[in-house]
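Engineer: Can you keep this structure in mind? I'll have questions shortly.
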Amino acid sequence: MSHPGMVMGVGAPAAHGAIEESPFGIQSKKLAMWLFIMADAATFGAILFAYGYVRVGSPDWTRPFAASSIVNGVVMTAILLTSSLTMLGGVAAAQAGRTSAALRWMSATILLGLAFAGLHLREWAAMIHEGWSPSHNPLGGPALFGATFFGITGLHLLHVISGAIAISVVAAMFGRGRLNAGHVETVGLYWHFVDLVWMFVFPLVYLMNAR
Amino acid sequence: MGTTATAHQPTMRTYVAVWIALLAIVAVEVALTMAHWPTPRLFAALLALALIEAGIGLLYFMHLRFERAILFWCVVPTVVFALLLMDHIWPDAYRMLHMRLLP
């Protein structure tokens, strides 16, 4: 005999209301993203601590960034912060059921993210042209500067590019009605985390190494 | 923190205010760098400002302020604890400095 609320099927719980509400009060995908963010925060923390360790242990650490590099870094920071703002606009529009507006906000976020990546790659190209690499310091100081700089910024850049791809996929599927506002919010969480990491990378890697 | 999930939804006005605050903190960071403080003092100031930025981003952009308190207390202390465990490497770094092992 069936009962309202009884789930029928192989291995399905027979009792009414057998599935408990999450104690966190959020969807599983959002909780999963928070768990991933926690792990990724530990990863970035480890790489930043490693950078600090070798920097403190080096008596003649190189500080190569001229004013132009700092200005470029400030522009990149402003772009990334603005992309977080546009992502919030996308989430708000998605939650309000305004699909077109949500897609416009997410498109702006993707473009700003790609602009950040473009500026970053341009800076990398200039440094490589000057002779910098993960194993070489053209100014004669510790080669570990290049290793830590390219390692940290490279890991962050990888997160930015994969975030832009993820937002693109979510936006495309949300536009087709295959994903919902919860998915937009979840990918937005990842994007804000990428921005949050840059709040540490910029001062510790760029500003601390200004000439 | 909200007592129920998404107890309060901030407006775009709030988000814009937070965005302006974060940009202002970045400006302060750059100004401190241009002031050419001694390295330890500059590091302490930049780290403190970065932690403030991260806190503001976590609470508002990542919406943690408006989620259930249990999410905050599960996420934040765990990550802080993991980072504090890594924060014990400095005596060895200074030992390396004095031994001049790194070029």
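Identifiers for the structure tokens are assigned positionally: chains receive A, B, ... in sequence, residues are indexed from 1 per chain, and ligands are indexed from 1 in the order shown.
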Listing only residues of segment 112-167 of chain A within 7 Å of segment 70-85 of chain A, what is the closest atom pair and its distance in Å (to one decimal) for each, using only C-alpha atoms, sorted by chain and residue number ascending, as a tab-separated table?
Structural biologist:
residue	atom	partner	partner_atom	distance
A:Leu112	CA	A:Ser83	CA	5.7
A:Gly113	CA	A:Leu80	CA	6.6
A:Phe116	CA	A:Met76	CA	5.5
Engineer: Using only C-alpha atoms, determine which residues of chain B fall within 8 Å of chain A; present them as a PyMOL selection string.
Structural biologist: chain B and resi 4-5+12+15-16+19+22-23+26+29-30+33+39+42-43+46-47+50-51+53-54+57-58+61-62+67-68+70-71+75+79+82-83+86-87+89-90+93-98+100-103
Engineer: With N, CA and C atoms retained, write the just-selected residues as a short mmCIF file (atom, residue, chain, number, x, y, z; two decimals), in the first residue's frame.
Structural biologist:
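In the end it all went to selection.cif:
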data_model
loop_
_atom_site.label_atom_id
_atom_site.label_comp_id
_atom_site.auth_asym_id
_atom_site.auth_seq_id
_atom_site.Cartn_x
_atom_site.Cartn_y
_atom_site.Cartn_z
N THR B 4 18.64 31.25 10.10
CA THR B 4 18.20 30.32 9.07
C THR B 4 19.01 30.59 7.81
N ALA B 5 19.02 29.62 6.94
CA ALA B 5 19.79 29.79 5.71
C ALA B 5 19.27 31.00 4.91
N MET B 12 22.32 45.10 -3.94
CA MET B 12 23.50 45.45 -4.73
C MET B 12 24.17 46.68 -4.15
N TYR B 15 26.61 45.46 -1.71
CA TYR B 15 27.76 44.87 -2.39
C TYR B 15 28.68 45.95 -2.97
N VAL B 16 28.09 47.00 -3.54
CA VAL B 16 28.90 48.09 -4.09
C VAL B 16 29.69 48.78 -2.97
N TRP B 19 32.54 46.59 -2.15
CA TRP B 19 33.52 46.69 -3.24
C TRP B 19 34.37 47.94 -3.10
N LEU B 22 36.82 47.50 -0.25
CA LEU B 22 37.95 46.65 -0.62
C LEU B 22 38.95 47.40 -1.49
N LEU B 23 38.46 48.19 -2.42
CA LEU B 23 39.36 49.00 -3.26
C LEU B 23 40.12 50.01 -2.40
N VAL B 26 42.97 48.29 -0.73
CA VAL B 26 44.06 48.08 -1.69
C VAL B 26 44.87 49.37 -1.84
N GLU B 29 47.11 49.75 1.07
CA GLU B 29 48.25 48.82 0.95
C GLU B 29 49.33 49.41 0.03
N VAL B 30 48.92 49.95 -1.10
CA VAL B 30 49.89 50.52 -2.04
C VAL B 30 50.57 51.74 -1.42
N THR B 33 53.20 50.66 0.93
CA THR B 33 54.37 50.15 0.20
C THR B 33 55.23 51.30 -0.29
N THR B 39 60.89 46.20 6.29
CA THR B 39 60.19 44.99 5.79
C THR B 39 59.29 44.31 6.82
N LEU B 42 56.16 46.44 7.34
CA LEU B 42 55.32 46.46 6.14
C LEU B 42 54.58 45.14 6.00
N PHE B 43 55.31 44.04 6.26
CA PHE B 43 54.69 42.72 6.16
C PHE B 43 53.52 42.59 7.14
N LEU B 46 50.60 44.73 5.85
CA LEU B 46 49.96 44.18 4.65
C LEU B 46 49.18 42.91 4.99
N LEU B 47 49.74 42.08 5.87
CA LEU B 47 49.04 40.85 6.24
C LEU B 47 47.75 41.17 6.99
N ALA B 50 45.27 42.38 4.50
CA ALA B 50 44.80 41.27 3.67
C ALA B 50 43.79 40.42 4.43
N LEU B 51 44.02 40.22 5.72
CA LEU B 51 43.09 39.44 6.54
C LEU B 51 41.75 40.17 6.67
N GLU B 53 40.53 42.26 4.42
CA GLU B 53 39.90 42.11 3.11
C GLU B 53 39.27 40.73 2.97
N ALA B 54 40.02 39.71 3.38
CA ALA B 54 39.52 38.34 3.27
C ALA B 54 38.26 38.16 4.13
N GLY B 57 35.38 39.87 2.42
CA GLY B 57 34.98 39.08 1.25
C GLY B 57 34.22 37.82 1.65
N LEU B 58 34.72 37.15 2.70
CA LEU B 58 34.06 35.93 3.19
C LEU B 58 32.65 36.23 3.69
N PHE B 61 30.73 38.95 0.24
CA PHE B 61 30.73 38.39 -1.11
C PHE B 61 30.40 36.90 -1.11
N MET B 62 30.96 36.17 -0.14
CA MET B 62 30.71 34.73 -0.07
C MET B 62 29.52 34.42 0.82
N GLU B 67 24.49 33.10 6.29
CA GLU B 67 24.20 31.69 6.38
C GLU B 67 24.03 31.29 7.84
N ARG B 68 23.69 30.04 8.07
CA ARG B 68 23.58 29.55 9.45
C ARG B 68 24.95 29.61 10.13
N ILE B 70 26.39 27.65 12.03
CA ILE B 70 27.14 26.39 12.05
C ILE B 70 28.07 26.29 10.83
N LEU B 71 27.66 26.87 9.71
CA LEU B 71 28.54 26.83 8.53
C LEU B 71 29.80 27.64 8.78
N VAL B 75 33.61 26.00 8.93
CA VAL B 75 34.55 26.35 7.85
C VAL B 75 35.75 27.14 8.39
N VAL B 79 39.96 25.98 8.77
CA VAL B 79 40.99 26.52 7.87
C VAL B 79 42.03 27.30 8.68
N ALA B 82 44.37 24.84 10.28
CA ALA B 82 45.32 24.28 9.31
C ALA B 82 46.43 25.29 9.00
N LEU B 83 46.07 26.55 8.85
CA LEU B 83 47.07 27.58 8.55
C LEU B 83 47.97 27.83 9.75
N MET B 86 50.77 25.46 9.89
CA MET B 86 51.86 25.79 8.96
C MET B 86 52.69 26.97 9.50
N ASP B 87 52.16 27.66 10.46
CA ASP B 87 52.79 28.89 10.92
C ASP B 87 53.93 28.64 11.89
N ILE B 89 56.90 27.28 11.01
CA ILE B 89 58.11 27.01 10.24
C ILE B 89 59.16 28.10 10.41
N TRP B 90 58.78 29.23 11.03
CA TRP B 90 59.67 30.41 10.99
C TRP B 90 60.99 30.23 11.74
N ALA B 93 63.24 28.75 9.32
CA ALA B 93 63.61 29.69 8.26
C ALA B 93 64.73 30.61 8.74
N TYR B 94 64.62 31.10 9.95
CA TYR B 94 65.67 31.97 10.48
C TYR B 94 66.96 31.20 10.71
N ARG B 95 66.82 29.92 11.09
CA ARG B 95 68.02 29.09 11.25
C ARG B 95 68.73 28.95 9.91
N MET B 96 67.95 28.77 8.84
CA MET B 96 68.51 28.67 7.50
C MET B 96 69.21 29.97 7.11
N LEU B 97 68.59 31.10 7.49
CA LEU B 97 69.17 32.39 7.18
C LEU B 97 70.54 32.54 7.83
N HIS B 98 70.62 32.16 9.10
CA HIS B 98 71.87 32.31 9.82
C HIS B 98 72.93 31.32 9.36
N ARG B 100 73.05 30.43 6.27
CA ARG B 100 73.35 30.87 4.90
C ARG B 100 73.36 29.68 3.94
N LEU B 101 72.35 28.83 4.06
CA LEU B 101 72.25 27.66 3.19
C LEU B 101 71.74 28.04 1.80
N LEU B 102 70.87 29.06 1.74
CA LEU B 102 70.29 29.44 0.46
C LEU B 102 71.11 30.57 -0.16
N PRO B 103 71.27 30.56 -1.50
CA PRO B 103 72.08 31.60 -2.18
C PRO B 103 71.37 32.94 -2.18
#
Engineer: Could you go through chain A and tell me which residues DSSP, when run on the backbone, assigns to strand (DSSP E or B), listing them as a list in words?
Structural biologist: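 Taking chain A and keeping strand (DSSP E or B) gives Phe65, Ser133, His136 and Ala210 of chain A.
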Engineer: DSSP on the backbone, then: every residue of chain B marked helix (DSSP H, G or I), written as a PDB file with N, CA and C atoms, in the first residue's frame.
Structural biologist:
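Written output follows (out-v6.pdb):
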ATOM      1  N   MET B  12      22.316  45.096  -3.937  1.00  0.00           N
ATOM      2  CA  MET B  12      23.502  45.451  -4.735  1.00  0.00           C
ATOM      3  C   MET B  12      24.174  46.682  -4.150  1.00  0.00           C
ATOM      4  N   ARG B  13      23.388  47.532  -3.495  1.00  0.00           N
ATOM      5  CA  ARG B  13      23.952  48.720  -2.855  1.00  0.00           C
ATOM      6  C   ARG B  13      24.976  48.315  -1.795  1.00  0.00           C
ATOM      7  N   THR B  14      24.635  47.291  -1.011  1.00  0.00           N
ATOM      8  CA  THR B  14      25.561  46.781   0.012  1.00  0.00           C
ATOM      9  C   THR B  14      26.814  46.231  -0.642  1.00  0.00           C
ATOM     10  N   TYR B  15      26.610  45.461  -1.709  1.00  0.00           N
ATOM     11  CA  TYR B  15      27.763  44.869  -2.388  1.00  0.00           C
ATOM     12  C   TYR B  15      28.678  45.945  -2.970  1.00  0.00           C
ATOM     13  N   VAL B  16      28.095  46.997  -3.536  1.00  0.00           N
ATOM     14  CA  VAL B  16      28.900  48.092  -4.094  1.00  0.00           C
ATOM     15  C   VAL B  16      29.686  48.776  -2.968  1.00  0.00           C
ATOM     16  N   ALA B  17      29.051  48.959  -1.818  1.00  0.00           N
ATOM     17  CA  ALA B  17      29.753  49.575  -0.677  1.00  0.00           C
ATOM     18  C   ALA B  17      30.923  48.708  -0.235  1.00  0.00           C
ATOM     19  N   VAL B  18      30.722  47.396  -0.209  1.00  0.00           N
ATOM     20  CA  VAL B  18      31.800  46.471   0.165  1.00  0.00           C
ATOM     21  C   VAL B  18      32.923  46.536  -0.874  1.00  0.00           C
ATOM     22  N   TRP B  19      32.538  46.594  -2.147  1.00  0.00           N
ATOM     23  CA  TRP B  19      33.520  46.686  -3.240  1.00  0.00           C
ATOM     24  C   TRP B  19      34.373  47.942  -3.096  1.00  0.00           C
ATOM     25  N   ILE B  20      33.738  49.065  -2.793  1.00  0.00           N
ATOM     26  CA  ILE B  20      34.467  50.324  -2.604  1.00  0.00           C
ATOM     27  C   ILE B  20      35.408  50.210  -1.408  1.00  0.00           C
ATOM     28  N   ALA B  21      34.929  49.566  -0.334  1.00  0.00           N
ATOM     29  CA  ALA B  21      35.771  49.389   0.857  1.00  0.00           C
ATOM     30  C   ALA B  21      37.014  48.545   0.524  1.00  0.00           C
ATOM     31  N   LEU B  22      36.818  47.504  -0.255  1.00  0.00           N
ATOM     32  CA  LEU B  22      37.951  46.648  -0.625  1.00  0.00           C
ATOM     33  C   LEU B  22      38.952  47.405  -1.491  1.00  0.00           C
ATOM     34  N   LEU B  23      38.456  48.191  -2.423  1.00  0.00           N
ATOM     35  CA  LEU B  23      39.355  49.004  -3.257  1.00  0.00           C
ATOM     36  C   LEU B  23      40.122  50.009  -2.398  1.00  0.00           C
ATOM     37  N   ALA B  24      39.457  50.553  -1.400  1.00  0.00           N
ATOM     38  CA  ALA B  24      40.113  51.517  -0.508  1.00  0.00           C
ATOM     39  C   ALA B  24      41.235  50.839   0.282  1.00  0.00           C
ATOM     40  N   ILE B  25      40.993  49.609   0.713  1.00  0.00           N
ATOM     41  CA  ILE B  25      42.039  48.875   1.444  1.00  0.00           C
ATOM     42  C   ILE B  25      43.232  48.612   0.531  1.00  0.00           C
ATOM     43  N   VAL B  26      42.966  48.290  -0.726  1.00  0.00           N
ATOM     44  CA  VAL B  26      44.060  48.081  -1.688  1.00  0.00           C
ATOM     45  C   VAL B  26      44.866  49.369  -1.839  1.00  0.00           C
ATOM     46  N   ALA B  27      44.172  50.494  -1.894  1.00  0.00           N
ATOM     47  CA  ALA B  27      44.855  51.793  -2.009  1.00  0.00           C
ATOM     48  C   ALA B  27      45.744  52.043  -0.789  1.00  0.00           C
ATOM     49  N   VAL B  28      45.256  51.694   0.390  1.00  0.00           N
ATOM     50  CA  VAL B  28      46.060  51.854   1.615  1.00  0.00           C
ATOM     51  C   VAL B  28      47.294  50.955   1.549  1.00  0.00           C
ATOM     52  N   GLU B  29      47.114  49.750   1.066  1.00  0.00           N
ATOM     53  CA  GLU B  29      48.249  48.816   0.945  1.00  0.00           C
ATOM     54  C   GLU B  29      49.333  49.405   0.032  1.00  0.00           C
ATOM     55  N   VAL B  30      48.918  49.952  -1.100  1.00  0.00           N
ATOM     56  CA  VAL B  30      49.887  50.522  -2.044  1.00  0.00           C
ATOM     57  C   VAL B  30      50.568  51.744  -1.417  1.00  0.00           C
ATOM     58  N   ALA B  31      49.794  52.564  -0.710  1.00  0.00           N
ATOM     59  CA  ALA B  31      50.365  53.753  -0.057  1.00  0.00           C
ATOM     60  C   ALA B  31      51.412  53.348   0.981  1.00  0.00           C
ATOM     61  N   LEU B  32      51.142  52.306   1.744  1.00  0.00           N
ATOM     62  CA  LEU B  32      52.103  51.836   2.746  1.00  0.00           C
ATOM     63  C   LEU B  32      53.370  51.318   2.073  1.00  0.00           C
ATOM     64  N   THR B  33      53.204  50.665   0.932  1.00  0.00           N
ATOM     65  CA  THR B  33      54.366  50.155   0.199  1.00  0.00           C
ATOM     66  C   THR B  33      55.235  51.303  -0.287  1.00  0.00           C
ATOM     67  N   MET B  34      54.584  52.351  -0.796  1.00  0.00           N
ATOM     68  CA  MET B  34      55.324  53.516  -1.302  1.00  0.00           C
ATOM     69  C   MET B  34      56.020  54.278  -0.174  1.00  0.00           C
ATOM     70  N   THR B  39      60.887  46.196   6.291  1.00  0.00           N
ATOM     71  CA  THR B  39      60.190  44.995   5.788  1.00  0.00           C
ATOM     72  C   THR B  39      59.290  44.315   6.821  1.00  0.00           C
ATOM     73  N   PRO B  40      59.752  44.054   8.062  1.00  0.00           N
ATOM     74  CA  PRO B  40      58.870  43.369   9.025  1.00  0.00           C
ATOM     75  C   PRO B  40      57.593  44.156   9.316  1.00  0.00           C
ATOM     76  N   ARG B  41      57.741  45.494   9.413  1.00  0.00           N
ATOM     77  CA  ARG B  41      56.582  46.331   9.722  1.00  0.00           C
ATOM     78  C   ARG B  41      55.605  46.362   8.540  1.00  0.00           C
ATOM     79  N   LEU B  42      56.163  46.442   7.338  1.00  0.00           N
ATOM     80  CA  LEU B  42      55.324  46.459   6.135  1.00  0.00           C
ATOM     81  C   LEU B  42      54.584  45.140   5.997  1.00  0.00           C
ATOM     82  N   PHE B  43      55.308  44.036   6.257  1.00  0.00           N
ATOM     83  CA  PHE B  43      54.686  42.716   6.163  1.00  0.00           C
ATOM     84  C   PHE B  43      53.522  42.594   7.139  1.00  0.00           C
ATOM     85  N   ALA B  44      53.735  43.017   8.374  1.00  0.00           N
ATOM     86  CA  ALA B  44      52.665  42.916   9.388  1.00  0.00           C
ATOM     87  C   ALA B  44      51.445  43.728   8.967  1.00  0.00           C
ATOM     88  N   ALA B  45      51.698  44.944   8.460  1.00  0.00           N
ATOM     89  CA  ALA B  45      50.587  45.810   8.047  1.00  0.00           C
ATOM     90  C   ALA B  45      49.845  45.222   6.849  1.00  0.00           C
ATOM     91  N   LEU B  46      50.604  44.734   5.853  1.00  0.00           N
ATOM     92  CA  LEU B  46      49.956  44.182   4.654  1.00  0.00           C
ATOM     93  C   LEU B  46      49.180  42.908   4.994  1.00  0.00           C
ATOM     94  N   LEU B  47      49.739  42.083   5.870  1.00  0.00           N
ATOM     95  CA  LEU B  47      49.040  40.853   6.239  1.00  0.00           C
ATOM     96  C   LEU B  47      47.750  41.173   6.990  1.00  0.00           C
ATOM     97  N   ALA B  48      47.821  42.153   7.899  1.00  0.00           N
ATOM     98  CA  ALA B  48      46.620  42.545   8.641  1.00  0.00           C
ATOM     99  C   ALA B  48      45.540  43.057   7.695  1.00  0.00           C
ATOM    100  N   LEU B  49      45.938  43.894   6.743  1.00  0.00           N
ATOM    101  CA  LEU B  49      44.962  44.434   5.783  1.00  0.00           C
ATOM    102  C   LEU B  49      44.407  43.323   4.886  1.00  0.00           C
ATOM    103  N   ALA B  50      45.269  42.380   4.498  1.00  0.00           N
ATOM    104  CA  ALA B  50      44.805  41.266   3.667  1.00  0.00           C
ATOM    105  C   ALA B  50      43.785  40.415   4.427  1.00  0.00           C
ATOM    106  N   LEU B  51      44.023  40.220   5.725  1.00  0.00           N
ATOM    107  CA  LEU B  51      43.087  39.435   6.536  1.00  0.00           C
ATOM    108  C   LEU B  51      41.749  40.167   6.672  1.00  0.00           C
ATOM    109  N   ILE B  52      41.802  41.482   6.788  1.00  0.00           N
ATOM    110  CA  ILE B  52      40.553  42.264   6.848  1.00  0.00           C
ATOM    111  C   ILE B  52      39.792  42.136   5.528  1.00  0.00           C
ATOM    112  N   GLU B  53      40.534  42.263   4.425  1.00  0.00           N
ATOM    113  CA  GLU B  53      39.896  42.111   3.110  1.00  0.00           C
ATOM    114  C   GLU B  53      39.267  40.729   2.967  1.00  0.00           C
ATOM    115  N   ALA B  54      40.016  39.715   3.383  1.00  0.00           N
ATOM    116  CA  ALA B  54      39.515  38.344   3.272  1.00  0.00           C
ATOM    117  C   ALA B  54      38.263  38.160   4.127  1.00  0.00           C
ATOM    118  N   GLY B  55      38.282  38.740   5.319  1.00  0.00           N
ATOM    119  CA  GLY B  55      37.120  38.639   6.199  1.00  0.00           C
ATOM    120  C   GLY B  55      35.895  39.293   5.592  1.00  0.00           C
ATOM    121  N   ILE B  56      36.091  40.488   5.042  1.00  0.00           N
ATOM    122  CA  ILE B  56      34.970  41.192   4.411  1.00  0.00           C
ATOM    123  C   ILE B  56      34.457  40.399   3.204  1.00  0.00           C
ATOM    124  N   GLY B  57      35.375  39.871   2.417  1.00  0.00           N
ATOM    125  CA  GLY B  57      34.982  39.075   1.248  1.00  0.00           C
ATOM    126  C   GLY B  57      34.219  37.819   1.652  1.00  0.00           C
ATOM    127  N   LEU B  58      34.717  37.148   2.704  1.00  0.00           N
ATOM    128  CA  LEU B  58      34.062  35.930   3.189  1.00  0.00           C
ATOM    129  C   LEU B  58      32.649  36.227   3.691  1.00  0.00           C
ATOM    130  N   LEU B  59      32.534  37.266   4.473  1.00  0.00           N
ATOM    131  CA  LEU B  59      31.250  37.549   5.121  1.00  0.00           C
ATOM    132  C   LEU B  59      30.203  38.074   4.137  1.00  0.00           C
ATOM    133  N   TYR B  60      30.609  38.923   3.205  1.00  0.00           N
ATOM    134  CA  TYR B  60      29.640  39.567   2.324  1.00  0.00           C
ATOM    135  C   TYR B  60      29.620  38.957   0.926  1.00  0.00           C
ATOM    136  N   PHE B  61      30.729  38.950   0.242  1.00  0.00           N
ATOM    137  CA  PHE B  61      30.730  38.386  -1.111  1.00  0.00           C
ATOM    138  C   PHE B  61      30.403  36.898  -1.105  1.00  0.00           C
ATOM    139  N   LEU B  64      28.768  34.466   3.873  1.00  0.00           N
ATOM    140  CA  LEU B  64      28.855  33.672   5.099  1.00  0.00           C
ATOM    141  C   LEU B  64      28.134  34.334   6.278  1.00  0.00           C
ATOM    142  N   ARG B  65      28.024  35.656   6.225  1.00  0.00           N
ATOM    143  CA  ARG B  65      27.366  36.387   7.306  1.00  0.00           C
ATOM    144  C   ARG B  65      25.881  36.058   7.369  1.00  0.00           C
ATOM    145  N   PHE B  66      25.336  35.638   6.218  1.00  0.00           N
ATOM    146  CA  PHE B  66      23.892  35.456   6.152  1.00  0.00           C
ATOM    147  C   PHE B  66      23.501  33.977   6.124  1.00  0.00           C
ATOM    148  N   ALA B  69      24.929  29.932  11.411  1.00  0.00           N
ATOM    149  CA  ALA B  69      26.183  30.079  12.163  1.00  0.00           C
ATOM    150  C   ALA B  69      27.024  28.819  12.102  1.00  0.00           C
ATOM    151  N   ILE B  70      26.391  27.650  12.034  1.00  0.00           N
ATOM    152  CA  ILE B  70      27.137  26.392  12.053  1.00  0.00           C
ATOM    153  C   ILE B  70      28.068  26.291  10.829  1.00  0.00           C
ATOM    154  N   LEU B  71      27.665  26.874   9.707  1.00  0.00           N
ATOM    155  CA  LEU B  71      28.537  26.827   8.531  1.00  0.00           C
ATOM    156  C   LEU B  71      29.803  27.639   8.778  1.00  0.00           C
ATOM    157  N   PHE B  72      29.621  28.836   9.355  1.00  0.00           N
ATOM    158  CA  PHE B  72      30.785  29.673   9.684  1.00  0.00           C
ATOM    159  C   PHE B  72      31.729  28.933  10.633  1.00  0.00           C
ATOM    160  N   TRP B  73      31.164  28.345  11.719  1.00  0.00           N
ATOM    161  CA  TRP B  73      31.987  27.724  12.752  1.00  0.00           C
ATOM    162  C   TRP B  73      32.603  26.400  12.312  1.00  0.00           C
ATOM    163  N   CYS B  74      32.084  25.804  11.258  1.00  0.00           N
ATOM    164  CA  CYS B  74      32.717  24.598  10.705  1.00  0.00           C
ATOM    165  C   CYS B  74      33.817  24.969   9.718  1.00  0.00           C
ATOM    166  N   VAL B  75      33.614  26.004   8.931  1.00  0.00           N
ATOM    167  CA  VAL B  75      34.548  26.354   7.854  1.00  0.00           C
ATOM    168  C   VAL B  75      35.750  27.136   8.388  1.00  0.00           C
ATOM    169  N   VAL B  76      35.463  28.234   9.079  1.00  0.00           N
ATOM    170  CA  VAL B  76      36.541  29.181   9.407  1.00  0.00           C
ATOM    171  C   VAL B  76      37.553  28.627  10.412  1.00  0.00           C
ATOM    172  N   PRO B  77      37.144  28.105  11.568  1.00  0.00           N
ATOM    173  CA  PRO B  77      38.151  27.607  12.515  1.00  0.00           C
ATOM    174  C   PRO B  77      38.984  26.461  11.942  1.00  0.00           C
ATOM    175  N   THR B  78      38.394  25.636  11.099  1.00  0.00           N
ATOM    176  CA  THR B  78      39.138  24.518  10.508  1.00  0.00           C
ATOM    177  C   THR B  78      40.273  25.027   9.628  1.00  0.00           C
ATOM    178  N   VAL B  79      39.956  25.978   8.769  1.00  0.00           N
ATOM    179  CA  VAL B  79      40.987  26.521   7.867  1.00  0.00           C
ATOM    180  C   VAL B  79      42.028  27.304   8.679  1.00  0.00           C
ATOM    181  N   VAL B  80      41.576  28.073   9.652  1.00  0.00           N
ATOM    182  CA  VAL B  80      42.509  28.827  10.493  1.00  0.00           C
ATOM    183  C   VAL B  80      43.453  27.874  11.217  1.00  0.00           C
ATOM    184  N   PHE B  81      42.914  26.779  11.736  1.00  0.00           N
ATOM    185  CA  PHE B  81      43.741  25.787  12.435  1.00  0.00           C
ATOM    186  C   PHE B  81      44.793  25.203  11.499  1.00  0.00           C
ATOM    187  N   ALA B  82      44.370  24.843  10.277  1.00  0.00           N
ATOM    188  CA  ALA B  82      45.320  24.281   9.307  1.00  0.00           C
ATOM    189  C   ALA B  82      46.428  25.285   8.997  1.00  0.00           C
ATOM    190  N   LEU B  83      46.067  26.552   8.854  1.00  0.00           N
ATOM    191  CA  LEU B  83      47.071  27.583   8.546  1.00  0.00           C
ATOM    192  C   LEU B  83      47.974  27.826   9.753  1.00  0.00           C
ATOM    193  N   LEU B  84      47.411  27.765  10.955  1.00  0.00           N
ATOM    194  CA  LEU B  84      48.241  27.959  12.148  1.00  0.00           C
ATOM    195  C   LEU B  84      49.256  26.828  12.304  1.00  0.00           C
ATOM    196  N   LEU B  85      48.893  25.628  11.880  1.00  0.00           N
ATOM    197  CA  LEU B  85      49.848  24.520  11.925  1.00  0.00           C
ATOM    198  C   LEU B  85      51.034  24.805  11.013  1.00  0.00           C
ATOM    199  N   MET B  86      50.771  25.461   9.888  1.00  0.00           N
ATOM    200  CA  MET B  86      51.857  25.795   8.961  1.00  0.00           C
ATOM    201  C   MET B  86      52.687  26.966   9.497  1.00  0.00           C
ATOM    202  N   TRP B  90      58.784  29.235  11.027  1.00  0.00           N
ATOM    203  CA  TRP B  90      59.667  30.408  10.995  1.00  0.00           C
ATOM    204  C   TRP B  90      60.993  30.226  11.739  1.00  0.00           C
ATOM    205  N   PRO B  91      61.021  29.538  12.900  1.00  0.00           N
ATOM    206  CA  PRO B  91      62.342  29.340  13.528  1.00  0.00           C
ATOM    207  C   PRO B  91      63.309  28.612  12.599  1.00  0.00           C
ATOM    208  N   ASP B  92      62.812  27.669  11.826  1.00  0.00           N
ATOM    209  CA  ASP B  92      63.683  26.946  10.900  1.00  0.00           C
ATOM    210  C   ASP B  92      64.130  27.849   9.755  1.00  0.00           C
ATOM    211  N   ALA B  93      63.238  28.753   9.319  1.00  0.00           N
ATOM    212  CA  ALA B  93      63.610  29.685   8.257  1.00  0.00           C
ATOM    213  C   ALA B  93      64.733  30.610   8.736  1.00  0.00           C
ATOM    214  N   TYR B  94      64.621  31.099   9.947  1.00  0.00           N
ATOM    215  CA  TYR B  94      65.672  31.971  10.480  1.00  0.00           C
ATOM    216  C   TYR B  94      66.962  31.199  10.714  1.00  0.00           C
ATOM    217  N   ARG B  95      66.819  29.923  11.087  1.00  0.00           N
ATOM    218  CA  ARG B  95      68.022  29.088  11.248  1.00  0.00           C
ATOM    219  C   ARG B  95      68.732  28.949   9.906  1.00  0.00           C
ATOM    220  N   MET B  96      67.948  28.767   8.841  1.00  0.00           N
ATOM    221  CA  MET B  96      68.513  28.670   7.497  1.00  0.00           C
ATOM    222  C   MET B  96      69.206  29.969   7.109  1.00  0.00           C
ATOM    223  N   LEU B  97      68.591  31.096   7.489  1.00  0.00           N
ATOM    224  CA  LEU B  97      69.173  32.394   7.182  1.00  0.00           C
ATOM    225  C   LEU B  97      70.536  32.535   7.827  1.00  0.00           C
ATOM    226  N   HIS B  98      70.615  32.157   9.096  1.00  0.00           N
ATOM    227  CA  HIS B  98      71.873  32.311   9.823  1.00  0.00           C
ATOM    228  C   HIS B  98      72.926  31.316   9.356  1.00  0.00           C
ATOM    229  N   MET B  99      72.484  30.162   8.861  1.00  0.00           N
ATOM    230  CA  MET B  99      73.424  29.180   8.350  1.00  0.00           C
ATOM    231  C   MET B  99      73.828  29.509   6.920  1.00  0.00           C
TER     232      MET B  99
END
Engineer: Each residue of segment 87-132 of chain A lying at most 12 Å from segment 150-154 of chain A should get a row with its shortest atom-to-atom pair and the distance in Å to one decimal, counting only C-alpha atoms; could you produce that, ordered by chain and increasing number, as CSV?
Structural biologist:
residue,atom,partner,partner_atom,distance
A:Phe116,CA,A:Thr153,CA,11.9
A:Ala117,CA,A:Gly154,CA,10.3
A:His120,CA,A:Thr153,CA,8.5
A:Leu121,CA,A:Gly154,CA,9.5
A:Glu123,CA,A:Thr153,CA,10.8
A:Trp124,CA,A:Phe150,CA,8.2
A:Ala125,CA,A:Phe150,CA,11.4
A:Met127,CA,A:Phe150,CA,10.1
A:Ile128,CA,A:Phe150,CA,10.3
A:Trp132,CA,A:Phe150,CA,9.3
